[in-house]
Amino acid sequence: MNNVFIEAMEKRRTQYALGNELSLPQEEVTALIEEAVKLTPSAFNSQSSRVVILYHEAHHQFWQFVMDALKAIVPAERFAPTQDKINGFAAGAGTILFYEDQDTVKALQQEYPSYADNFPVWSEQSSGMAQFAVWCALANANIGASLQHYNPLPDAAIAKAWSIPDAWKLRAMMPFGSNKAPFPVKTFIGDAERFKVFN
């Protein structure tokens, strides 16, 4: 299919073998992430997504927070694979932390009480779209990434280290960097299991 957006989606793959080189200057990577998040749709144009971008020392500090939190719950004799996995994320060039602003969600619930139960759901949907948009934008710039969910284990340490507002709720983290391994062939379930079309 000849479609630029579909082609960008096709490039988006999970990359665990990350290096610390980037195909663009850091300032351009930051601008790319910011623009992708700003262009992501949200319910009632609430723009509830918040993002923290970590490079260099802050990036490594974040994964040390995760490592420390995991050491407290994973038995020592089984920790080696976990340590290798976290070190793999830390080997990248940076990490994006995706948050949702709960004050924004609560304000919408108060303003539109008939939709109150939906706003937390719509917030999660917007966050997912922001994550996907950033991931595709990075892939299109030949920057590898994966999506991780170690929250809420490191949340308190992160909030203290970088003065994250209490209303920001961490939803996911995305380590990124250079692609150090090829991608395996992606398989798909049959279309008949997934789609129905009616006229």
# chains A, B, ... in the order shown; residues from 1 in each chain; ligands from 1

$ residues_around --residues "Ile53 in chain A" --least-positions-apart "2" --cutoff "7 Å" --atoms "only C-alpha atoms" --output "list in words"
Val51, Tyr55, Thr95, Ile96 and Leu97 of chain A

$ residues_around --residues "Ser178 in chain A" --least-positions-apart "5" --cutoff "7 Å" --atoms "only C-alpha atoms" --output "PyMOL selection string"
chain A and resi 18-22+143-144

$ atom_distance --atom1 "CA of Val134 in chain A" --atom2 "CA of Ile33 in chain A"
5.6 Å

$ residues_around --residues "range 116-127 of chain A" --least-positions-apart "2" --cutoff "12 Å" --atoms "only C-alpha atoms" --output "PyMOL selection string"
chain A and resi 36-51+97-114+129-134+168-173

$ select_by_dssp --residues "range 5-86 of chain A" --states "strand (DSSP E or B)" --output "tab-separated table (two decimals) with N, CA and C atoms, in the first residue's frame"
chain	number	residue	atom	x	y	z
A	14	THR	N	9.23	-3.14	18.05
A	14	THR	CA	9.86	-3.17	19.37
A	14	THR	C	11.34	-3.49	19.22
A	18	LEU	N	19.31	-1.71	22.06
A	18	LEU	CA	19.47	-0.27	21.86
A	18	LEU	C	20.91	0.17	22.04
A	19	GLY	N	21.32	1.14	21.22
A	19	GLY	CA	22.61	1.82	21.41
A	19	GLY	C	22.37	3.27	21.77
A	49	SER	N	-2.20	14.65	28.08
A	49	SER	CA	-0.91	13.96	28.08
A	49	SER	C	0.22	14.89	28.50
A	50	ARG	N	1.11	14.35	29.33
A	50	ARG	CA	2.31	15.05	29.76
A	50	ARG	C	3.50	14.14	29.51
A	51	VAL	N	4.63	14.72	29.16
A	51	VAL	CA	5.79	13.91	28.80
A	51	VAL	C	7.04	14.46	29.46
A	52	VAL	N	7.87	13.56	29.98
A	52	VAL	CA	9.20	13.90	30.50
A	52	VAL	C	10.21	13.16	29.62
A	53	ILE	N	11.18	13.88	29.09
A	53	ILE	CA	12.19	13.29	28.21
A	53	ILE	C	13.53	13.31	28.96
A	54	LEU	N	14.13	12.15	29.08
A	54	LEU	CA	15.37	11.99	29.84
A	54	LEU	C	16.52	11.60	28.92
A	55	TYR	N	17.62	12.31	29.04
A	55	TYR	CA	18.83	11.99	28.30
A	55	TYR	C	19.99	11.82	29.30

$ residues_around --residues "Gln83 in chain A" --least-positions-apart "4" --cutoff "8 Å" --atoms "only C-alpha atoms" --output "PDB file with C-alpha atoms, in the first residue's frame"
ATOM      1  CA  MET A  67      16.493  -1.497  39.032  1.00  0.00           C
ATOM      2  CA  PHE A  79      17.476 -11.349  39.404  1.00  0.00           C
ATOM      3  CA  ASN A  87      20.699  -2.704  31.514  1.00  0.00           C
TER       4      ASN A  87
END

$ atom_distance --atom1 "CA of Glu10 in chain A" --atom2 "CA of Thr30 in chain A"
22.2 Å

$ select_by_dssp --residues "chain A" --states "alpha helix (DSSP H)" --output "PyMOL selection string"
chain A and resi 4-11+26-38+56-71+79-90+102-111+119-140+155-162+191-194

$ residues_around --residues "Trp63 in chain A" --least-positions-apart "2" --cutoff "8 Å" --atoms "only C-alpha atoms" --output "ChimeraX atom specification"
/A:59-61,65-67,86-87,89-90

$ closest_atom_pairs --of "range 67-184 of chain A" --to "range 2-7 of chain A" --cutoff "12 Å" --atoms "only C-alpha atoms" --output "tab-separated table"
residue	atom	partner	partner_atom	distance
A:Ala133	CA	A:Phe5	CA	10.5
A:Cys136	CA	A:Phe5	CA	8.9
A:Ala137	CA	A:Phe5	CA	9.9
A:Ala139	CA	A:Glu7	CA	10.3
A:Asn140	CA	A:Glu7	CA	8.6

$ write_last_selection --atoms "N, CA and C atoms" --output "mmCIF file, in the first residue's frame"
data_model
loop_
_atom_site.group_PDB
_atom_site.id
_atom_site.type_symbol
_atom_site.label_atom_id
_atom_site.label_comp_id
_atom_site.auth_asym_id
_atom_site.auth_seq_id
_atom_site.Cartn_x
_atom_site.Cartn_y
_atom_site.Cartn_z
ATOM 1 N N ALA A 133 2.043 7.544 18.512
ATOM 2 C CA ALA A 133 2.484 8.612 17.615
ATOM 3 C C ALA A 133 3.978 8.874 17.773
ATOM 4 N N CYS A 136 6.010 5.882 16.314
ATOM 5 C CA CYS A 136 6.073 5.924 14.851
ATOM 6 C C CYS A 136 7.006 7.029 14.369
ATOM 7 N N ALA A 137 6.942 8.183 15.015
ATOM 8 C CA ALA A 137 7.805 9.303 14.622
ATOM 9 C C ALA A 137 9.280 8.943 14.823
ATOM 10 N N ALA A 139 10.533 5.856 14.889
ATOM 11 C CA ALA A 139 10.873 4.817 13.918
ATOM 12 C C ALA A 139 11.126 5.412 12.542
ATOM 13 N N ASN A 140 10.333 6.413 12.184
ATOM 14 C CA ASN A 140 10.493 7.054 10.882
ATOM 15 C C ASN A 140 11.821 7.806 10.781
#

$ residues_around --residues "Ala17 in chain A" --least-positions-apart "5" --cutoff "7 Å" --atoms "only C-alpha atoms" --output "list in words"
Gly88, Asn179, Lys180 and Ala181 of chain A

$ write_last_selection --atoms "C-alpha atoms" --output "PDB file, in the first residue's frame"
ATOM      1  CA  GLY A  88      19.539  -3.131  27.917  1.00  0.00           C
ATOM      2  CA  ASN A 179      18.911  -0.016  16.433  1.00  0.00           C
ATOM      3  CA  LYS A 180      21.561  -2.588  17.311  1.00  0.00           C
ATOM      4  CA  ALA A 181      19.739  -5.658  16.005  1.00  0.00           C
TER       5      ALA A 181
END

$ closest_residue --among "A:Gly94, A:Pro25, A:Pro154, A:Pro184" --to "Ala72 in chain A" --atoms "only C-alpha atoms"
A:Pro154
